[in-house]
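Coordinates as given in entry_39.cif (mmCIF, C-alpha atoms):
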data_protein
loop_
_atom_site.label_atom_id
_atom_site.label_comp_id
_atom_site.auth_asym_id
_atom_site.auth_seq_id
_atom_site.Cartn_x
_atom_site.Cartn_y
_atom_site.Cartn_z
CA MET R 1 0.00 0.00 0.00
CA PRO R 2 1.51 3.32 -1.00
CA ASN R 3 2.02 5.38 2.06
CA ASN R 4 4.64 7.98 2.55
CA SER R 5 3.28 9.49 5.73
CA ALA R 6 6.08 12.05 5.72
CA THR R 7 4.21 13.79 2.90
CA ARG R 8 1.45 15.93 4.36
CA LEU R 9 -1.87 16.33 2.57
CA THR R 10 -1.63 20.12 2.71
CA GLU R 11 1.80 19.83 1.06
CA LEU R 12 0.32 17.77 -1.79
CA PHE R 13 -2.52 20.27 -2.19
CA ASN R 14 -0.16 23.27 -2.12
CA VAL R 15 2.37 21.89 -4.61
CA PHE R 16 -0.33 21.07 -7.16
CA ALA R 17 -2.17 24.33 -6.53
CA GLN R 18 1.07 26.19 -7.39
CA ILE R 19 1.42 24.14 -10.56
CA GLY R 20 -2.22 24.81 -11.45
CA LEU R 21 -1.81 28.52 -10.74
CA PHE R 22 1.29 29.15 -12.84
CA THR R 23 0.72 27.14 -16.00
CA ILE R 24 -1.18 28.38 -19.01
CA GLY R 25 -2.20 26.33 -22.01
CA GLY R 26 -2.56 23.13 -20.02
CA GLY R 27 -1.37 19.65 -20.98
CA ALA R 28 2.29 19.34 -21.88
CA VAL R 29 2.98 22.88 -20.67
CA MET R 30 2.57 21.72 -17.08
CA LEU R 31 5.07 18.92 -17.44
CA PRO R 32 8.20 20.99 -16.64
CA PHE R 33 6.48 22.42 -13.55
CA ILE R 34 5.49 18.97 -12.30
CA GLN R 35 8.97 17.60 -13.04
CA LYS R 36 10.67 20.42 -11.13
CA ALA R 37 8.38 20.15 -8.08
CA VAL R 38 7.95 16.38 -7.85
CA VAL R 39 11.36 15.07 -8.93
CA GLU R 40 13.87 17.86 -8.28
CA ASP R 41 12.42 19.64 -5.23
CA LYS R 42 10.27 17.17 -3.28
CA HIS R 43 11.86 13.87 -4.43
CA TRP R 44 8.44 12.20 -4.41
CA LEU R 45 9.37 10.22 -7.52
CA ASN R 46 12.79 9.38 -8.97
CA ASP R 47 13.52 9.77 -12.71
CA GLU R 48 12.57 6.17 -13.41
CA GLU R 49 9.25 6.38 -11.53
CA PHE R 50 8.50 9.73 -13.18
CA ALA R 51 9.03 8.13 -16.60
CA ASP R 52 6.57 5.33 -15.73
CA MET R 53 4.07 7.90 -14.47
CA LEU R 54 4.30 9.83 -17.76
CA ALA R 55 3.84 6.70 -19.87
CA ILE R 56 0.73 5.69 -17.92
CA THR R 57 -0.92 9.11 -17.56
CA ASN R 58 -0.38 9.84 -21.26
CA SER R 59 -1.89 6.50 -22.30
CA ALA R 60 -5.09 7.06 -20.30
CA PRO R 61 -7.99 9.27 -21.39
CA GLY R 62 -8.51 12.61 -19.68
CA ALA R 63 -6.36 15.66 -19.10
CA PHE R 64 -2.74 14.64 -18.53
CA THR R 65 -2.33 17.06 -15.64
CA ILE R 66 -5.36 15.72 -13.76
CA ASN R 67 -4.14 12.17 -14.34
CA ALA R 68 -0.65 13.11 -13.12
CA SER R 69 -1.96 14.73 -9.92
CA ILE R 70 -4.08 11.65 -9.13
CA TYR R 71 -1.13 9.32 -9.80
CA ILE R 72 1.45 11.26 -7.82
CA GLY R 73 -0.93 11.92 -4.93
CA TYR R 74 -1.65 8.19 -4.74
CA THR R 75 2.04 7.25 -4.55
CA GLN R 76 2.38 9.47 -1.48
CA ARG R 77 -0.77 8.99 0.56
CA GLY R 78 -3.07 6.58 -1.28
CA LEU R 79 -6.63 7.54 -2.18
CA ILE R 80 -6.82 10.57 0.09
CA GLY R 81 -3.47 11.80 -1.24
CA SER R 82 -4.69 11.59 -4.82
CA THR R 83 -7.79 13.57 -3.84
CA ALA R 84 -5.69 16.28 -2.14
CA ALA R 85 -3.39 16.60 -5.19
CA MET R 86 -6.28 16.62 -7.69
CA LEU R 87 -8.20 19.27 -5.71
CA GLY R 88 -5.00 21.34 -5.56
CA MET R 89 -4.67 21.07 -9.32
CA VAL R 90 -8.22 22.20 -10.17
CA THR R 91 -8.88 24.78 -7.44
CA PRO R 92 -6.86 27.68 -8.95
CA SER R 93 -8.49 27.11 -12.36
CA ILE R 94 -11.99 27.08 -10.92
CA VAL R 95 -11.41 30.23 -8.84
CA ILE R 96 -9.72 32.16 -11.66
CA ILE R 97 -12.28 31.22 -14.32
CA LEU R 98 -15.17 32.11 -11.99
CA ILE R 99 -13.64 35.52 -11.20
CA LEU R 100 -12.93 36.22 -14.87
CA ALA R 101 -16.33 35.02 -16.04
CA TYR R 102 -17.87 37.35 -13.45
CA MET R 103 -15.65 40.30 -14.49
CA ILE R 104 -16.38 39.75 -18.19
CA LEU R 105 -20.13 39.60 -17.54
CA GLN R 106 -19.79 42.87 -15.58
CA GLY R 107 -17.98 44.42 -18.56
CA GLN R 108 -14.73 45.09 -16.68
CA ASN R 109 -11.37 45.65 -18.33
CA ILE R 110 -9.04 42.64 -18.26
CA ASP R 111 -6.28 43.99 -20.55
CA TRP R 112 -3.64 43.44 -17.85
CA LEU R 113 -4.28 39.72 -18.09
CA GLN R 114 -3.70 39.71 -21.85
CA GLN R 115 -0.51 41.75 -21.30
CA PHE R 116 0.75 39.34 -18.65
CA PHE R 117 0.29 36.38 -20.98
CA ALA R 118 1.78 38.22 -23.95
CA GLY R 119 5.00 38.14 -21.93
CA VAL R 120 4.59 34.50 -20.92
CA ARG R 121 3.58 32.95 -24.25
CA PRO R 122 7.00 33.09 -25.96
CA ILE R 123 8.69 31.32 -23.04
CA VAL R 124 6.27 28.36 -22.98
CA ALA R 125 8.12 26.77 -25.92
CA ALA R 126 11.40 27.15 -23.99
CA LEU R 127 9.88 25.45 -20.93
CA LEU R 128 8.74 22.52 -23.05
CA LEU R 129 12.04 22.19 -24.87
CA ASP R 130 13.88 22.16 -21.53
CA ALA R 131 11.49 19.46 -20.23
CA ALA R 132 11.93 17.33 -23.36
CA LEU R 133 15.73 17.50 -23.03
CA LYS R 134 15.56 16.50 -19.36
CA LEU R 135 13.15 13.64 -20.10
CA ARG R 136 15.31 12.35 -22.93
CA LYS R 137 18.04 11.40 -20.43
CA THR R 138 15.89 8.75 -18.71
CA MET R 139 13.31 7.96 -21.35
CA VAL R 140 15.36 7.67 -24.55
CA GLN R 141 18.55 5.61 -24.22
CA SER R 142 18.76 2.68 -26.65
CA ARG R 143 18.91 2.95 -30.43
CA PHE R 144 15.33 1.61 -30.54
CA ASP R 145 14.24 4.43 -28.19
CA PHE R 146 15.83 7.01 -30.50
CA PHE R 147 14.08 5.41 -33.46
CA LEU R 148 10.72 5.73 -31.66
CA LEU R 149 11.40 9.35 -30.71
CA ALA R 150 12.24 10.22 -34.32
CA LEU R 151 9.20 8.30 -35.58
CA GLY R 152 6.96 10.09 -33.05
CA LEU R 153 8.26 13.52 -34.09
CA VAL R 154 7.75 12.76 -37.78
CA MET R 155 4.22 11.51 -37.11
CA LEU R 156 3.34 14.60 -35.06
CA LEU R 157 5.07 17.39 -36.96
CA LEU R 158 5.23 16.24 -40.57
CA ALA R 159 2.14 14.04 -40.81
CA SER R 160 -0.01 15.81 -38.14
CA ILE R 161 -1.06 12.43 -36.77
CA ASN R 162 -3.27 12.42 -33.68
CA THR R 163 -1.38 12.10 -30.37
CA VAL R 164 -3.43 9.05 -29.40
CA LEU R 165 -2.23 7.17 -32.47
CA VAL R 166 1.36 8.15 -31.67
CA ILE R 167 1.05 6.68 -28.16
CA ILE R 168 -0.60 3.51 -29.52
CA THR R 169 2.16 3.15 -32.13
CA GLY R 170 4.73 3.32 -29.33
CA ALA R 171 2.89 0.67 -27.32
CA VAL R 172 2.52 -1.70 -30.30
CA LEU R 173 6.16 -1.32 -31.41
CA GLY R 174 7.27 -1.76 -27.78
CA LEU R 175 5.44 -5.11 -27.75
CA LEU R 176 6.67 -6.21 -31.20
CA TYR R 177 10.34 -5.27 -30.86
CA PRO R 178 11.45 -7.96 -28.35
CA ARG R 179 9.52 -10.60 -30.30
CA LEU R 180 11.08 -9.52 -33.58
CA LYS R 181 14.54 -9.61 -31.98
CA ARG R 182 13.94 -13.08 -30.59
CA TYR R 183 12.62 -14.29 -33.96
CA ARG R 184 15.70 -12.96 -35.75
CA GLN R 185 18.01 -14.55 -33.19
CA GLN R 186 16.20 -17.86 -33.62
CA ALA R 187 16.39 -17.57 -37.38
CA ALA R 188 20.10 -16.81 -37.13
CA GLY R 189 20.52 -19.76 -34.72
CA GLU R 190 18.71 -22.14 -37.07
CA SER R 191 20.72 -21.11 -40.10
CA ASN R 192 23.90 -21.69 -38.03
CA THR R 193 22.84 -25.20 -37.04
CA SER R 194 21.85 -26.07 -40.61
CA ALA R 195 25.24 -24.83 -41.76
CA ASP R 196 26.86 -27.05 -39.08
CA LYS R 197 24.89 -30.01 -40.35
CA LYS R 198 26.05 -29.42 -43.90
CA GLU R 199 29.63 -29.29 -42.74
CA GLY R 200 29.07 -32.51 -40.82
CA GLU R 201 27.83 -34.28 -43.94
CA MET V 1 -32.16 20.81 -12.04
CA ALA V 2 -32.38 18.55 -15.06
CA ILE V 3 -29.83 20.68 -16.90
CA LEU V 4 -27.33 20.34 -14.03
CA GLY V 5 -27.61 16.56 -14.21
CA GLN V 6 -27.13 16.67 -17.96
CA LEU V 7 -24.09 18.93 -17.53
CA PHE V 8 -22.54 16.52 -15.05
CA LEU V 9 -23.18 13.47 -17.26
CA THR V 10 -21.91 15.23 -20.39
CA PHE V 11 -18.60 16.11 -18.76
CA ILE V 12 -18.23 12.58 -17.37
CA PHE V 13 -18.68 11.40 -20.96
CA ILE V 14 -16.07 13.92 -22.14
CA GLY V 15 -13.71 12.73 -19.39
CA ILE V 16 -14.02 9.09 -20.48
CA LEU V 17 -13.75 9.53 -24.22
CA ASN V 18 -11.20 12.28 -24.36
CA PHE V 19 -7.96 10.61 -25.35
CA GLY V 20 -4.91 12.73 -25.99
CA GLY V 21 -5.88 15.49 -23.57
CA GLY V 22 -5.37 19.22 -24.16
CA TYR V 23 -5.82 20.20 -27.76
CA ALA V 24 -7.37 16.91 -28.88
CA MET V 25 -10.04 17.54 -26.28
CA ILE V 26 -11.01 20.97 -27.64
CA ALA V 27 -12.70 19.65 -30.79
CA PHE V 28 -14.48 16.94 -28.84
CA ILE V 29 -15.81 19.36 -26.21
CA GLN V 30 -16.93 21.73 -28.95
CA ASN V 31 -18.91 18.90 -30.53
CA GLN V 32 -20.66 18.12 -27.24
CA VAL V 33 -21.20 21.65 -25.93
CA VAL V 34 -21.98 23.47 -29.19
CA ASP V 35 -23.37 20.89 -31.63
CA VAL V 36 -25.02 18.27 -29.43
CA HIS V 37 -26.39 20.36 -26.54
CA GLY V 38 -26.36 23.91 -27.93
CA TRP V 39 -25.17 25.32 -24.58
CA LEU V 40 -22.77 27.77 -26.24
CA THR V 41 -22.72 29.29 -29.74
CA VAL V 42 -19.55 28.85 -31.84
CA GLN V 43 -18.67 32.50 -31.10
CA GLU V 44 -19.10 31.98 -27.36
CA TYR V 45 -17.04 28.82 -27.54
CA THR V 46 -14.22 30.62 -29.36
CA ASP V 47 -14.22 33.46 -26.80
CA MET V 48 -14.18 30.91 -24.01
CA LEU V 49 -11.23 29.10 -25.61
CA ALA V 50 -9.25 32.34 -25.80
CA ILE V 51 -9.91 32.87 -22.10
CA SER V 52 -9.09 29.31 -21.04
CA GLN V 53 -5.90 29.30 -23.08
CA SER V 54 -4.73 32.57 -21.58
CA THR V 55 -5.53 31.63 -17.99
CA PRO V 56 -3.65 29.15 -15.82
CA GLY V 57 -4.71 25.55 -15.42
CA PRO V 58 -5.63 22.64 -17.68
CA VAL V 59 -7.62 23.80 -20.75
CA ALA V 60 -10.19 21.03 -20.25
CA VAL V 61 -10.83 22.09 -16.66
CA ASN V 62 -11.13 25.75 -17.64
CA THR V 63 -13.56 24.84 -20.41
CA ALA V 64 -15.69 22.74 -18.07
CA THR V 65 -15.76 25.47 -15.41
CA TYR V 66 -16.66 28.21 -17.88
CA THR V 67 -19.36 26.22 -19.67
CA GLY V 68 -20.81 25.03 -16.35
CA PHE V 69 -20.88 28.60 -14.99
CA LYS V 70 -22.60 29.90 -18.12
CA ILE V 71 -25.27 27.19 -17.96
CA GLY V 72 -25.81 26.71 -14.24
CA GLY V 73 -23.92 29.30 -12.19
CA ILE V 74 -21.48 28.16 -9.50
CA PRO V 75 -23.17 24.76 -8.95
CA GLY V 76 -22.96 24.20 -12.70
CA ALA V 77 -19.25 25.12 -12.75
CA LEU V 78 -18.46 22.68 -9.93
CA LEU V 79 -20.56 19.83 -11.35
CA ALA V 80 -19.06 20.13 -14.85
CA THR V 81 -15.51 20.23 -13.48
CA PHE V 82 -15.94 17.26 -11.16
CA GLY V 83 -17.74 15.32 -13.88
CA LEU V 84 -14.62 15.74 -16.02
CA VAL V 85 -12.34 14.46 -13.24
CA VAL V 86 -14.33 11.45 -11.97
CA PRO V 87 -13.44 9.03 -14.84
CA ALA V 88 -9.73 9.90 -14.59
CA TYR V 89 -9.84 8.74 -10.98
CA PHE V 90 -11.06 5.26 -11.79
CA ILE V 91 -8.87 4.86 -14.85
CA ILE V 92 -5.59 6.04 -13.29
CA LEU V 93 -6.07 4.17 -10.03
CA GLY V 94 -7.01 1.04 -12.02
CA LEU V 95 -3.87 1.28 -14.15
CA MET V 96 -1.71 1.90 -11.06
CA TYR V 97 -3.25 -1.16 -9.40
CA LEU V 98 -2.34 -3.29 -12.44
CA LEU V 99 1.21 -1.92 -12.49
CA ARG V 100 1.80 -2.39 -8.77
CA HIS V 101 0.47 -5.94 -8.68
CA ASN V 102 2.41 -7.06 -11.75
CA PRO V 103 5.58 -4.96 -11.54
CA ASP V 104 7.58 -7.43 -13.64
CA ASN V 105 4.89 -8.37 -16.16
CA PRO V 106 6.88 -8.37 -19.44
CA THR V 107 3.92 -7.26 -21.59
CA MET V 108 3.31 -4.21 -19.40
CA ARG V 109 7.03 -3.31 -19.31
CA GLN V 110 7.26 -3.62 -23.11
CA ILE V 111 4.25 -1.35 -23.64
CA ILE V 112 5.64 1.23 -21.22
CA SER V 113 9.08 1.08 -22.82
CA GLY V 114 7.51 1.81 -26.21
CA VAL V 115 5.34 4.65 -24.90
CA ARG V 116 8.15 6.46 -23.03
CA PRO V 117 10.05 7.76 -26.09
CA MET V 118 6.70 8.82 -27.60
CA VAL V 119 6.01 10.99 -24.54
CA VAL V 120 9.32 12.77 -25.19
CA ALA V 121 8.24 13.18 -28.83
CA LEU V 122 4.89 14.67 -27.70
CA THR V 123 6.68 17.14 -25.43
CA ALA V 124 9.26 18.17 -28.02
CA GLY V 125 6.51 18.28 -30.67
CA SER V 126 4.40 20.63 -28.52
CA ALA V 127 7.47 22.84 -28.04
CA VAL V 128 7.90 23.14 -31.82
CA VAL V 129 4.19 23.80 -32.49
CA LEU V 130 3.98 26.42 -29.73
CA ALA V 131 7.21 28.07 -30.89
CA PHE V 132 5.73 28.55 -34.38
CA GLU V 133 2.44 29.83 -32.92
CA ASN V 134 3.82 32.20 -30.30
CA ILE V 135 7.13 33.45 -31.67
CA THR V 136 6.27 35.76 -34.52
CA SER V 137 8.52 38.77 -33.90
CA LEU V 138 12.17 39.43 -33.00
CA TYR V 139 10.99 40.68 -29.59
CA GLU V 140 9.26 37.36 -28.89
CA LEU V 141 12.29 35.44 -30.18
CA ALA V 142 14.46 37.40 -27.73
CA LEU V 143 12.12 36.48 -24.84
CA PHE V 144 12.23 32.83 -25.94
CA LEU V 145 16.05 32.69 -26.16
CA LEU V 146 16.51 34.49 -22.84
CA SER V 147 14.14 32.12 -21.06
CA LEU V 148 15.82 29.07 -22.65
CA LEU V 149 19.19 30.33 -21.40
CA LEU V 150 17.83 30.86 -17.87
CA LEU V 151 16.39 27.34 -17.85
CA ARG V 152 19.33 25.44 -19.36
CA LYS V 153 22.19 27.34 -17.69
CA PHE V 154 20.70 28.25 -14.31
CA ASN V 155 17.87 25.68 -13.94
CA LEU V 156 15.58 28.54 -12.88
CA ASN V 157 12.26 27.58 -11.29
CA PRO V 158 9.52 27.78 -13.98
CA ILE V 159 7.17 29.55 -11.54
CA ILE V 160 9.66 32.39 -11.06
CA LEU V 161 10.27 32.50 -14.81
CA VAL V 162 6.55 32.81 -15.62
CA SER V 163 6.01 35.49 -12.96
CA VAL V 164 8.95 37.63 -14.11
CA PHE V 165 8.15 37.38 -17.82
CA GLY V 166 4.43 38.01 -17.19
CA LEU V 167 5.12 41.15 -15.14
CA TRP V 168 7.55 42.24 -17.85
CA GLY V 169 4.71 41.77 -20.36
CA ILE V 170 2.50 44.21 -18.38
CA ALA V 171 5.39 46.69 -17.95
CA TYR V 172 6.30 46.48 -21.66
CA ALA V 173 2.72 47.07 -22.81
CA ASN V 174 2.34 50.11 -20.54
CA LEU V 175 5.81 51.59 -21.17
CA PHE V 176 5.94 51.11 -24.92
CA GLY V 177 2.20 51.05 -25.60
CA ALA V 178 2.14 47.78 -27.52
#
Take the structure in the file and write it out as structure tokens.
Amino acid sequence: MPNNSATRLTELFNVFAQIGLFTIGGGAVMLPFIQKAVVEDKHWLNDEEFADMLAITNSAPGAFTINASIYIGYTQRGLIGSTAAMLGMVTPSIVIILILAYMILQGQNIDWLQQFFAGVRPIVAALLLDAALKLRKTMVQSRFDFFLLALGLVMLLLASINTVLVIITGAVLGLLYPRLKRYRQQAAGESNTSADKKEGE
Amino acid sequence: MAILGQLFLTFIFIGILNFGGGYAMIAFIQNQVVDVHGWLTVQEYTDMLAISQSTPGPVAVNTATYTGFKIGGIPGALLATFGLVVPAYFIILGLMYLLRHNPDNPTMRQIISGVRPMVVALTAGSAVVLAFENITSLYELALFLLSLLLLRKFNLNPIILVSVFGLWGIAYANLFGA
């Protein structure tokens, strides 16, 4: 049973509330924030566990960030931990959207918000690039991994293939690769033994 | 009352069937909220998207909160948002249960090992797409390069980075009247 009682529920809530408060655009944009807080600062997950978490939360339906908060919360304090982390993640969004929806309906000026995000938008790409480079260290090591990464990028950027299909392709090739390798080794083994036989004759 | 129940069920449905998260979700939510239920017009949906993309938090959550608020006030906002989250709970905890009880299952390890590099591709791919979308002037390119330097060289906390660049955005607009 996952239970890291050293991690307090308020701490889980606060860390995810900060992530929820400071990330615009959702999805992948939050990844560098989660990585920094969960792996580098709090050491709740190591690189290897973080990589597993990403593979699972990206393969499941739903918003990646919600999935990640549920997963990470669970590793620390079980069901109640996942609830604390998930509530932390959604609370800032709910509060901000409600305030803005109210202000917009009242006809108030929200230019400052647009200005704030005009400054933030160009750096989002840098945050993601930094996260991808950090992830590459643990998640892409073998030549097969590099092949998958390249294939994924081509599918996404050149062929505009849906992200779901990219994940499924990774899963299917991950299953096929060891079988293909074994088959080739067997084939090589058989051709060796048949060659031995011929020599023996 | 009936509309609140429908709102809750619709966002549960969106939560279950929305694979790919984020941007893949936008078209699917539009279909449900605009075409199927007629809760928002296309114009309202577009305005809402602009708001949810320029406010913090997951886009799907922002969309659910905004749509729910428009349809059913604060109870509507809360019901739509929690409807979206409920399926994720069952699915993620179910997958974690499978992983924890079969940590060495070769099939599971092979699937995960194939998915991992694809997650890096999704992240790098998003970086490229967002760079093309959001870097359209030399000024924005300068902001991008400066932030990349701060991240790679000094491992600066993203929260500090966002705060500083956001405040700079307000200062820049007011000083230079952009």
Please provide the set of residues having any atom within 10 Å of region 65-76 of chain V, restricted to all atoms listed in the file, with same-chain residues fewer than 2 positions apart removed, written as a PyMOL selection string. (chain R and resi 90+93-98+100-102) or (chain V and resi 1+3-5+7-8+11+33+39-40+44-45+48-49+51-52+59-63+78-82+84)
Separation of CA of Tyr177 (chain R) from CA of Arg143 (chain R), in Å and rounded to one decimal: 11.9 Å
Using the chain letters and numbers from the file, give me the residues hit by the PyMOL selection byres ((chain R and resi 22-24) around 9), as a PyMOL selection string. (chain R and resi 17-21+25-27+29-30+33+117+120-121+124) or (chain V and resi 52-59+158-159+162-163)
Translate the PyMOL selection byres ((chain R and resi 145) around 10), as applied to the file shown, into an explicit residue set as a PDB file with C-alpha atoms, keeping the file's coordinate frame.
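Dumped everything to selection10.pdb:
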ATOM      1  CA  ARG R 136      15.310  12.350 -22.930  1.00  0.00           C
ATOM      2  CA  MET R 139      13.310   7.960 -21.350  1.00  0.00           C
ATOM      3  CA  VAL R 140      15.360   7.670 -24.550  1.00  0.00           C
ATOM      4  CA  GLN R 141      18.550   5.610 -24.220  1.00  0.00           C
ATOM      5  CA  SER R 142      18.760   2.680 -26.650  1.00  0.00           C
ATOM      6  CA  ARG R 143      18.910   2.950 -30.430  1.00  0.00           C
ATOM      7  CA  PHE R 144      15.330   1.610 -30.540  1.00  0.00           C
ATOM      8  CA  PHE R 146      15.830   7.010 -30.500  1.00  0.00           C
ATOM      9  CA  PHE R 147      14.080   5.410 -33.460  1.00  0.00           C
ATOM     10  CA  LEU R 148      10.720   5.730 -31.660  1.00  0.00           C
ATOM     11  CA  LEU R 149      11.400   9.350 -30.710  1.00  0.00           C
ATOM     12  CA  ALA R 150      12.240  10.220 -34.320  1.00  0.00           C
ATOM     13  CA  LEU R 151       9.200   8.300 -35.580  1.00  0.00           C
ATOM     14  CA  GLY R 170       4.730   3.320 -29.330  1.00  0.00           C
ATOM     15  CA  GLY R 174       7.270  -1.760 -27.780  1.00  0.00           C
TER      16      GLY R 174
ATOM     17  CA  SER V 113       9.080   1.080 -22.820  1.00  0.00           C
ATOM     18  CA  GLY V 114       7.510   1.810 -26.210  1.00  0.00           C
ATOM     19  CA  VAL V 115       5.340   4.650 -24.900  1.00  0.00           C
ATOM     20  CA  ARG V 116       8.150   6.460 -23.030  1.00  0.00           C
ATOM     21  CA  PRO V 117      10.050   7.760 -26.090  1.00  0.00           C
ATOM     22  CA  MET V 118       6.700   8.820 -27.600  1.00  0.00           C
TER      23      MET V 118
END
Near Leu156 (chain V), within 12 Å and counting all atoms listed in the file, which residues show up once chain neighbours fewer than 3 positions away are dropped, as an NGL selection string? (:R and (32-33 or 36 or 40 or 126-127 or 130)) or (:V and (146-153 or 159-164))
Using only C-alpha atoms, please write the residues we just selected to a file, as a PDB file, keeping the file's coordinate frame.
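Heads up, here's the output in selection10.pdb:
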ATOM      1  CA  PRO R  32       8.200  20.990 -16.640  1.00  0.00           C
ATOM      2  CA  PHE R  33       6.480  22.420 -13.550  1.00  0.00           C
ATOM      3  CA  LYS R  36      10.670  20.420 -11.130  1.00  0.00           C
ATOM      4  CA  GLU R  40      13.870  17.860  -8.280  1.00  0.00           C
ATOM      5  CA  ALA R 126      11.400  27.150 -23.990  1.00  0.00           C
ATOM      6  CA  LEU R 127       9.880  25.450 -20.930  1.00  0.00           C
ATOM      7  CA  ASP R 130      13.880  22.160 -21.530  1.00  0.00           C
TER       8      ASP R 130
ATOM      9  CA  LEU V 146      16.510  34.490 -22.840  1.00  0.00           C
ATOM     10  CA  SER V 147      14.140  32.120 -21.060  1.00  0.00           C
ATOM     11  CA  LEU V 148      15.820  29.070 -22.650  1.00  0.00           C
ATOM     12  CA  LEU V 149      19.190  30.330 -21.400  1.00  0.00           C
ATOM     13  CA  LEU V 150      17.830  30.860 -17.870  1.00  0.00           C
ATOM     14  CA  LEU V 151      16.390  27.340 -17.850  1.00  0.00           C
ATOM     15  CA  ARG V 152      19.330  25.440 -19.360  1.00  0.00           C
ATOM     16  CA  LYS V 153      22.190  27.340 -17.690  1.00  0.00           C
ATOM     17  CA  ILE V 159       7.170  29.550 -11.540  1.00  0.00           C
ATOM     18  CA  ILE V 160       9.660  32.390 -11.060  1.00  0.00           C
ATOM     19  CA  LEU V 161      10.270  32.500 -14.810  1.00  0.00           C
ATOM     20  CA  VAL V 162       6.550  32.810 -15.620  1.00  0.00           C
ATOM     21  CA  SER V 163       6.010  35.490 -12.960  1.00  0.00           C
ATOM     22  CA  VAL V 164       8.950  37.630 -14.110  1.00  0.00           C
TER      23      VAL V 164
END
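Against this structure, the PyMOL selection byres ((chain R and resi 54-58) around 7) ends up with R:Phe50, R:Ala51, R:Asp52, R:Met53, R:Ser59, R:Ala60, R:Phe64, R:Asn67, R:Ala68, V:Ile112, V:Val115, V:Arg116, V:Val119.
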Could you please determine the separation between CA of Asn162 (chain R) and CA of Thr136 (chain V) in Å, to one decimal place? 25.2 Å
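By chain and then residue number, the residues within 6 Å of Ala132 (chain R) are V:Val120, V:Thr123, V:Ala124, counting only C-alpha atoms and disregarding those fewer than 4 positions away in sequence.
Our summary of the geometry notes that CA of Leu12 (chain R) is positioned 26.1 Å from CA of Phe154 (chain V).
The shortest atom-to-atom distance to chain R, with all atoms listed in the file taken into account, belongs to V:Ile111 out of V:Ile111, V:Val86, V:Ile26, V:Leu145.
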Taking all atoms of region 9-19 of chain V that appear in the file, build a box with edges along x, y and z, extend it by 8 Å on every side, and state its centre and edge lengths in Å to one decimal, as AutoDock Vina command-line options.
--center_x -15.6 --center_y 12.6 --center_z -21.3 --size_x 31.2 --size_y 23.0 --size_z 24.1
Taking only C-alpha atoms into account, name the residue in R:Leu135, R:Ala125, R:Leu153, R:Ser69 that is nearest to Asn46 (chain R). R:Leu135
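Between chain R and the residues V:Leu98, V:Val34, V:Ile16, V:Ile29, the shortest atom-to-atom distance, using only C-alpha atoms, involves V:Ile16.
The shortest atom-to-atom distance to chain R, with all atoms listed in the file taken into account, belongs to V:Gly15 out of V:Gly83, V:Gly177, V:Gly15, V:Gly94.
If you count only C-alpha atoms and ignore residues fewer than 2 places along the chain from Met86 (chain R), what sits within 10 Å of it is Leu12, Phe13, Phe16, Ala17, Gly20, Thr65, Ile66, Asn67, Ala68, Ser69, Ile70, Tyr71, Ile72, Gly73, Ile80, Gly81, Ser82, Thr83, Ala84, Gly88, Met89, Val90 and Thr91 of chain R; Val85 and Tyr89 of chain V.
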Compile the contact shell of Gln32 (chain V) as JSON, numbers by chain: residues with an atom at most 9 Å away, counting all atoms listed in the file, same-chain residues fewer than 5 positions apart removed. {"V": [10, 11, 14, 27, 37, 38, 39]}
Residue nearest Ala37 (chain R) - candidates R:Thr163, R:Ile104, R:Val15, R:Gln115, atoms counted: only C-alpha atoms: R:Val15
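Remark: for chain R, the closest of the candidate residues V:Asn18, V:Arg109, V:Asn174, V:Glu133 is V:Asn18 (distances computed over only C-alpha atoms).
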